[in-house]
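To be precise, the following lines are start_7.txt, and they hold compact mmCIF, C-alpha atoms and all ligand atoms.
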```txt
# COMPACT_ATOMS: atom_id res chain seq x y z
CA MET I 114 53.13 146.78 27.22
CA LYS I 115 56.61 146.44 25.67
CA THR I 116 59.18 144.67 27.81
CA PRO I 117 62.73 143.43 27.13
CA TYR I 118 61.64 139.77 27.27
CA GLY I 119 58.21 139.91 25.63
CA ASN I 120 55.08 139.63 27.73
CA ARG I 121 54.71 135.95 28.42
CA ILE I 122 55.62 134.53 31.82
CA LEU I 123 55.69 131.20 33.65
CA ILE I 124 54.97 131.59 37.37
CA THR I 125 55.46 128.56 39.62
CA GLY I 126 53.59 128.42 42.92
CA ALA I 127 50.83 130.48 41.31
CA SER I 128 47.93 128.92 43.21
CA SER I 129 48.55 130.92 46.39
CA GLY I 130 50.31 133.85 48.03
CA ILE I 131 53.00 135.74 46.15
CA GLY I 132 52.72 133.60 43.00
CA ARG I 133 48.98 134.09 42.82
CA ALA I 134 49.26 137.84 43.40
CA ALA I 135 51.95 138.00 40.70
CA ALA I 136 49.74 136.07 38.26
CA GLU I 137 46.94 138.60 38.80
CA LEU I 138 49.28 141.59 38.54
CA PHE I 139 51.05 140.44 35.37
CA ALA I 140 47.72 139.52 33.74
CA ALA I 141 46.33 142.96 34.61
CA ALA I 142 49.42 144.49 33.00
CA GLY I 143 48.66 142.68 29.74
CA TRP I 144 50.88 139.63 30.09
CA THR I 145 50.03 136.06 29.18
CA VAL I 146 50.59 134.08 32.38
CA PHE I 147 51.24 130.34 32.64
CA ALA I 148 50.18 129.83 36.25
CA ALA I 149 51.76 126.62 37.54
CA SER I 150 51.39 124.64 40.76
CA ARG I 151 50.59 121.12 41.88
CA SER I 152 46.92 122.01 42.13
CA PRO I 153 46.37 124.89 39.71
CA ARG I 154 43.40 127.18 40.18
CA GLU I 155 40.65 127.41 37.59
CA SER I 156 41.03 130.60 35.61
CA ASP I 157 38.29 132.83 34.29
CA SER I 158 40.79 135.04 32.49
CA ALA I 159 41.89 134.23 28.94
CA SER I 160 45.35 135.54 29.77
CA VAL I 161 45.96 133.23 32.78
CA LEU I 162 46.56 129.64 31.68
CA PRO I 163 46.70 127.05 34.48
CA VAL I 164 49.52 124.47 34.29
CA THR I 165 49.88 121.43 36.54
CA MET I 166 53.48 121.23 37.68
CA ASP I 167 55.20 119.69 40.69
CA VAL I 168 58.66 121.23 40.78
CA THR I 169 60.04 118.15 42.57
CA SER I 170 59.16 115.91 39.60
CA GLU I 171 61.36 115.84 36.49
CA GLU I 172 58.50 114.38 34.43
CA SER I 173 55.99 116.94 35.63
CA VAL I 174 58.29 119.87 34.87
CA ARG I 175 59.23 118.40 31.47
CA ALA I 176 55.54 117.99 30.53
CA GLY I 177 54.59 121.45 31.82
CA VAL I 178 57.35 123.21 29.93
CA ALA I 179 56.60 121.19 26.74
CA TYR I 180 52.98 122.39 26.94
CA ILE I 181 54.12 126.00 27.43
CA GLU I 182 56.48 125.75 24.45
CA GLU I 183 53.64 124.36 22.30
CA LYS I 184 51.74 127.54 23.18
CA GLY I 185 54.66 129.77 22.14
CA GLY I 186 56.96 129.72 25.18
CA VAL I 187 57.81 132.43 27.69
CA GLY I 188 60.44 135.14 28.10
CA VAL I 189 60.28 135.30 31.91
CA VAL I 190 60.12 132.61 34.59
CA LEU I 191 59.19 133.58 38.14
CA HIS I 192 59.86 130.98 40.83
CA CYS I 193 57.31 131.23 43.63
CA ALA I 194 56.90 127.52 44.45
CA GLY I 195 58.20 127.00 47.95
CA TYR I 196 57.47 126.31 51.57
CA GLY I 197 59.20 126.49 54.92
CA ILE I 198 60.12 123.98 57.58
CA ALA I 199 60.87 124.90 61.18
CA GLY I 200 62.82 123.03 63.78
CA ALA I 201 66.13 123.05 65.60
CA ALA I 202 69.27 122.89 63.47
CA GLU I 203 70.53 119.99 65.56
CA ASP I 204 67.70 117.53 65.38
CA THR I 205 65.68 118.25 62.24
CA PRO I 206 65.45 114.88 60.47
CA ASP I 207 67.55 114.68 57.28
CA ALA I 208 64.48 113.71 55.27
CA ASP I 209 62.78 117.01 56.17
CA ALA I 210 65.86 119.09 55.37
CA ARG I 211 66.26 117.30 52.02
CA ALA I 212 62.57 117.77 51.18
CA GLN I 213 62.98 121.49 51.91
CA PHE I 214 65.85 121.75 49.43
CA GLU I 215 64.03 119.54 46.93
CA VAL I 216 61.33 122.20 46.50
CA ASN I 217 63.01 125.53 47.28
CA TYR I 218 66.43 124.87 45.73
CA PHE I 219 66.34 121.87 43.37
CA GLY I 220 62.81 122.74 42.26
CA THR I 221 64.05 126.09 41.02
CA LEU I 222 67.05 124.51 39.28
CA ARG I 223 64.84 121.85 37.67
CA VAL I 224 62.40 124.35 36.19
CA ASN I 225 65.28 126.51 34.93
CA ARG I 226 66.98 123.48 33.39
CA PHE I 227 63.92 122.97 31.17
CA VAL I 228 62.98 126.60 30.53
CA LEU I 229 66.31 128.37 30.04
CA PRO I 230 67.46 126.44 26.92
CA HIS I 231 64.42 127.76 25.05
CA MET I 232 65.11 131.30 26.21
CA ARG I 233 68.78 130.94 25.29
CA GLU I 234 67.83 129.78 21.77
CA ARG I 235 65.58 132.82 21.41
CA GLY I 236 68.43 135.03 22.63
CA ARG I 237 66.65 136.60 25.61
CA GLY I 238 65.06 135.69 28.89
CA LEU I 239 64.79 136.50 32.57
CA ALA I 240 64.68 134.16 35.58
CA ILE I 241 63.39 135.73 38.79
CA MET I 242 64.25 133.58 41.80
CA MET I 243 62.41 133.84 45.12
CA GLY I 244 64.82 134.40 47.96
CA SER I 245 63.94 135.67 51.41
CA VAL I 246 65.28 138.06 53.99
CA ALA I 247 65.93 134.80 55.90
CA GLY I 248 68.42 133.94 53.14
CA ARG I 249 70.60 136.89 54.18
CA LEU I 250 69.79 136.91 57.86
CA PRO I 251 69.39 133.37 59.16
CA LEU I 252 66.85 132.94 61.93
CA PRO I 253 66.89 130.46 64.80
CA TYR I 254 64.71 127.39 64.17
CA GLN I 255 64.70 128.17 60.44
CA SER I 256 68.21 126.96 59.63
CA HIS I 257 67.31 124.65 56.74
CA TYR I 258 64.80 127.07 55.24
CA SER I 259 67.38 129.87 55.53
CA ALA I 260 70.04 127.60 53.99
CA SER I 261 67.79 126.81 51.01
CA LYS I 262 67.39 130.55 50.39
CA TYR I 263 71.13 131.22 50.84
CA ALA I 264 71.73 128.52 48.24
CA ILE I 265 69.33 130.19 45.80
CA ASP I 266 71.06 133.51 46.39
CA SER I 267 74.50 132.27 45.33
CA TYR I 268 73.05 130.15 42.49
CA THR I 269 71.44 133.33 41.13
CA GLU I 270 74.72 135.23 41.10
CA SER I 271 76.49 132.47 39.17
CA LEU I 272 73.62 131.93 36.73
CA ARG I 273 73.57 135.64 36.08
CA MET I 274 77.24 135.77 35.08
CA GLU I 275 77.03 132.65 32.92
CA GLY I 276 73.81 133.51 31.11
CA ARG I 277 74.60 137.10 30.22
CA GLN I 278 76.50 136.14 27.03
CA PHE I 279 73.31 134.45 25.74
CA GLY I 280 70.96 137.30 26.57
CA LEU I 281 69.78 135.64 29.79
CA ARG I 282 69.26 137.67 32.95
CA ALA I 283 68.77 136.40 36.50
CA CYS I 284 67.80 138.13 39.71
CA LEU I 285 66.40 137.48 43.13
CA VAL I 286 63.49 138.97 45.08
CA GLU I 287 63.80 138.89 48.86
CA PRO I 288 60.48 139.38 50.66
CA GLY I 289 60.29 139.83 54.39
CA ASP I 290 57.21 138.80 56.37
CA THR I 291 54.32 138.49 53.92
CA ALA I 292 50.76 137.42 54.67
CA THR I 293 50.21 134.30 52.53
CA GLY I 294 49.49 130.59 52.81
CA PHE I 295 53.16 130.14 53.78
CA THR I 296 52.39 130.33 57.51
CA SER I 297 49.76 127.58 57.55
CA ALA I 298 51.81 125.43 55.13
CA ARG I 299 54.90 125.55 57.38
CA LYS I 300 56.01 122.08 58.43
CA MET I 301 57.15 121.69 62.04
CA CYS I 302 60.04 119.26 62.27
CA THR I 303 60.60 118.69 65.97
CA PRO I 304 61.33 115.09 66.86
CA GLU I 305 59.65 113.74 69.99
CA GLY I 306 61.66 114.59 73.10
CA SER I 307 63.62 117.40 71.42
CA PRO I 308 65.21 119.60 74.08
CA TYR I 309 64.51 122.55 71.76
CA ALA I 310 60.77 121.89 71.41
CA ASP I 311 59.43 124.62 73.72
CA MET I 312 61.77 127.37 72.52
CA CYS I 313 61.12 126.39 68.92
CA ALA I 314 57.35 126.52 69.39
CA ARG I 315 57.61 129.99 70.98
CA ALA I 316 59.90 131.34 68.25
CA VAL I 317 57.72 129.95 65.46
CA ALA I 318 54.57 131.39 67.05
CA ARG I 319 56.23 134.81 66.97
CA MET I 320 57.30 134.35 63.33
CA ALA I 321 53.78 133.22 62.39
CA HIS I 322 52.34 136.32 64.05
CA ASP I 323 54.78 138.56 62.13
CA GLU I 324 53.96 136.85 58.83
CA GLU I 325 50.21 137.08 59.35
CA HIS I 326 50.60 140.80 60.03
CA GLY I 327 53.15 141.22 57.26
CA ALA I 328 52.99 142.88 53.86
CA PRO I 329 50.32 141.88 51.36
CA ALA I 330 51.48 139.45 48.66
CA SER I 331 50.94 142.20 46.08
CA LYS I 332 54.09 143.94 47.38
CA PRO I 333 56.68 141.34 46.34
CA ALA I 334 54.55 140.67 43.25
CA ALA I 335 54.90 144.33 42.25
CA ALA I 336 58.68 144.08 42.69
CA CYS I 337 58.66 141.16 40.25
CA LEU I 338 56.62 143.09 37.68
CA LYS I 339 59.10 145.95 37.90
CA LEU I 340 62.07 143.59 37.40
CA ALA I 341 60.41 142.06 34.34
CA GLY I 342 60.50 145.50 32.72
CA GLN I 343 64.24 145.99 33.21
CA SER I 344 66.77 144.90 30.57
CA ASN I 345 69.53 144.95 33.19
CA PRO I 346 67.84 144.11 36.48
CA PRO I 347 69.77 144.36 39.76
CA VAL I 348 71.00 141.10 41.25
CA ARG I 349 68.62 141.26 44.20
CA VAL I 350 65.71 143.34 45.40
CA THR I 351 64.76 143.34 49.07
CA VAL I 352 61.07 144.12 49.49
CA GLY I 353 60.29 146.90 51.96
CA LEU I 354 62.41 149.64 53.52
CA PRO I 355 62.53 148.11 57.04
CA TYR I 356 64.00 144.88 55.62
CA LYS I 357 66.51 146.79 53.48
CA MET I 358 67.63 148.53 56.66
CA VAL I 359 67.82 145.30 58.65
CA ILE I 360 69.98 143.65 55.98
CA THR I 361 72.28 146.68 55.80
CA LEU I 362 72.62 146.70 59.60
CA HIS I 363 73.35 142.98 59.60
CA ARG I 364 76.17 143.61 57.11
CA LEU I 365 77.60 146.51 59.09
CA LEU I 366 77.23 145.33 62.69
CA PRO I 367 79.69 142.93 64.28
CA ALA I 368 78.28 139.40 63.93
CA ARG I 369 77.98 139.01 67.70
CA TRP I 370 75.68 142.04 67.89
CA SER I 371 73.34 140.72 65.19
CA GLU I 372 73.33 137.36 66.91
CA ALA I 373 72.40 138.93 70.23
CA ILE I 374 69.58 140.97 68.66
CA LEU I 375 68.09 138.06 66.70
CA GLY I 376 68.63 135.64 69.55
CA GLY I 377 66.80 138.07 71.84
CA LEU I 378 63.89 138.29 69.40
CA TYR I 379 63.48 134.61 68.64
CA GLY I 380 65.89 132.62 70.81
N1 LIG H 1 55.27 134.54 53.06
C1 LIG H 1 56.44 134.99 53.50
O1 LIG H 1 56.55 135.60 54.59
C2 LIG H 1 57.67 134.80 52.64
C3 LIG H 1 58.81 135.56 52.95
C4 LIG H 1 59.94 135.40 52.18
C5 LIG H 1 59.96 134.50 51.12
N2 LIG H 1 58.84 133.78 50.84
C6 LIG H 1 58.92 132.83 49.71
O2 LIG H 1 57.95 133.13 48.75
C7 LIG H 1 57.65 131.94 47.99
C8 LIG H 1 56.14 131.83 47.85
O3 LIG H 1 55.59 131.57 49.13
P1 LIG H 1 54.21 132.19 49.63
O4 LIG H 1 54.51 133.02 50.79
O5 LIG H 1 53.45 132.77 48.49
O6 LIG H 1 53.51 130.85 50.17
P2 LIG H 1 52.17 130.08 49.75
O7 LIG H 1 51.01 131.00 49.78
O8 LIG H 1 52.14 128.88 50.63
O9 LIG H 1 52.43 129.64 48.24
C9 LIG H 1 53.34 128.63 47.93
C10 LIG H 1 53.07 128.12 46.53
O10 LIG H 1 54.05 127.11 46.23
C11 LIG H 1 53.38 126.02 45.63
N3 LIG H 1 54.13 124.79 45.86
C12 LIG H 1 54.53 124.25 47.03
N4 LIG H 1 55.19 123.12 46.80
C13 LIG H 1 55.23 122.93 45.46
C14 LIG H 1 55.77 121.94 44.59
N5 LIG H 1 56.40 120.84 45.05
N6 LIG H 1 55.63 122.09 43.25
C15 LIG H 1 54.98 123.16 42.76
N7 LIG H 1 54.44 124.14 43.52
C16 LIG H 1 54.56 124.01 44.85
C17 LIG H 1 51.97 126.00 46.27
O11 LIG H 1 50.98 125.45 45.43
P3 LIG H 1 50.51 123.92 45.42
O12 LIG H 1 50.42 123.49 46.85
O13 LIG H 1 49.22 123.98 44.67
O14 LIG H 1 51.54 123.21 44.63
C18 LIG H 1 51.71 127.50 46.35
O15 LIG H 1 51.16 127.96 45.14
C19 LIG H 1 58.33 130.78 48.73
O16 LIG H 1 59.53 130.45 48.08
C20 LIG H 1 58.64 131.38 50.09
O17 LIG H 1 59.78 130.78 50.66
C21 LIG H 1 57.70 133.90 51.56
```
Output the file's structure in the form of structure tokens.
Amino acid sequence: MKTPYGNRILITGASSGIGRAAAELFAAAGWTVFAASRSPRESDSASVLPVTMDVTSEESVRAGVAYIEEKGGVGVVLHCAGYGIAGAAEDTPDADARAQFEVNYFGTLRVNRFVLPHMRERGRGLAIMMGSVAGRLPLPYQSHYSASKYAIDSYTESLRMEGRQFGLRACLVEPGDTATGFTSARKMCTPEGSPYADMCARAVARMAHDEEHGAPASKPAAACLKLAGQSNPPVRVTVGLPYKMVITLHRLLPARWSEAILGGLYG
């Protein structure tokens, strides 16, 4: 398969969920996949090469990318490493909010900081960031998760403008509820005695239900495969018609209306 960036990809967060589905999909489409995570899965496919990489560790990312370069490098990086915290905006401990950004935001930046120079030298490359519908439409009790995805959204737009002159492209995939390990990996951050505890638990139970009954991970993975075939990919792709509609409505409706609807659903 001929693509604008070659057919070699680094996928972070490839041991589970969207990253794992993407690794399988790209491999099936003839790509060589460097499948990275903190605990990479054994691979029985010659085209899926496991890489141990903790995106919060400079040393780990440096070593992982050095190994990938030794093997010939990649033309596409897909950032699926991530997790979510839940808790009230007011009383989530700083350490939990920082840890959230350390993986979802700084983890993405760190991997790009090591990978993009090689792509720039080769004159082409694509970085696909993992956003979320929550990054356009913040949810109650998900403020810090939503903020980490908002941050990735604006980072992507800037990176995109800066990298273009060097043949680099950047874009963002925004899944809605997707059935993955994300739900069980969610970290609850409700300090003892929080006045928000009961409401938060109810809202998160509803979100967990929606995720568990959400789209299969192959859906966002397919969106990523499509983007990797485009020489001029769009800045962001929202996965699924209902979510496209929700984001459009959010943009068009007066803010108070959106707030009342979302507050009614989860507040
Ligand atoms: N599921 C949803 O409803 C949904 C919706 C919108 C956006 N997203 C986003 O999609 C991305 C993928 O999530 P998912 O749903 O596929 O969840 P998942 O099944 O829990 O997968 C998360 C992946 O991230 C890896 N990971 C976590 N911390 C890491 C770290 N410090 N360094 C390296 N890898 C790390 C995990 O592997 P190890 O533990 O082995 O490292 C795992 O492979 C996340 O950014 C998430 O925010 C998910």
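For the choices I:Gly327, I:Pro251, I:Gly185, I:Pro308, the atom-to-atom distance to ligand LIG 1 (chain H) is smallest for I:Gly327 when using all atoms listed in the file.
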Go through stretch 119-219 of chain I residue by residue and, counting all atoms listed in the file, keep those with an atom at most 12 Å from stretch 272-282 of chain I; for each kept residue give the shortest atom pair and its distance in Å to one decimal, ordered by chain and increasing number, as a tab-separated table.
```
residue	atom	partner	partner_atom	distance
I:Gly188	CA	I:Leu281	CA	9.5
I:Val189	CA	I:Arg282	CA	9.3
I:Val190	CA	I:Arg282	CA	10.6
```
Problem - Sphere at (72.1, 135.1, 42.0), radius 10 Å, counting all atoms listed in the file: residues as a ChimeraX atom specification - result: /I:240-242,244,263-274,282-286,347-349
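When only C-alpha atoms and all ligand atoms are used to compute distances to ligand LIG 1 (chain H), the closest of the residues I:Ser158, I:Thr303, I:Thr351, I:Ser152 turns out to be I:Ser152.
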Handout entry: Interatomic distance, atom CA of I:Glu234 to atom C14 of ligand LIG 1 (chain H) (Å, one decimal)
Key = 27.0 Å
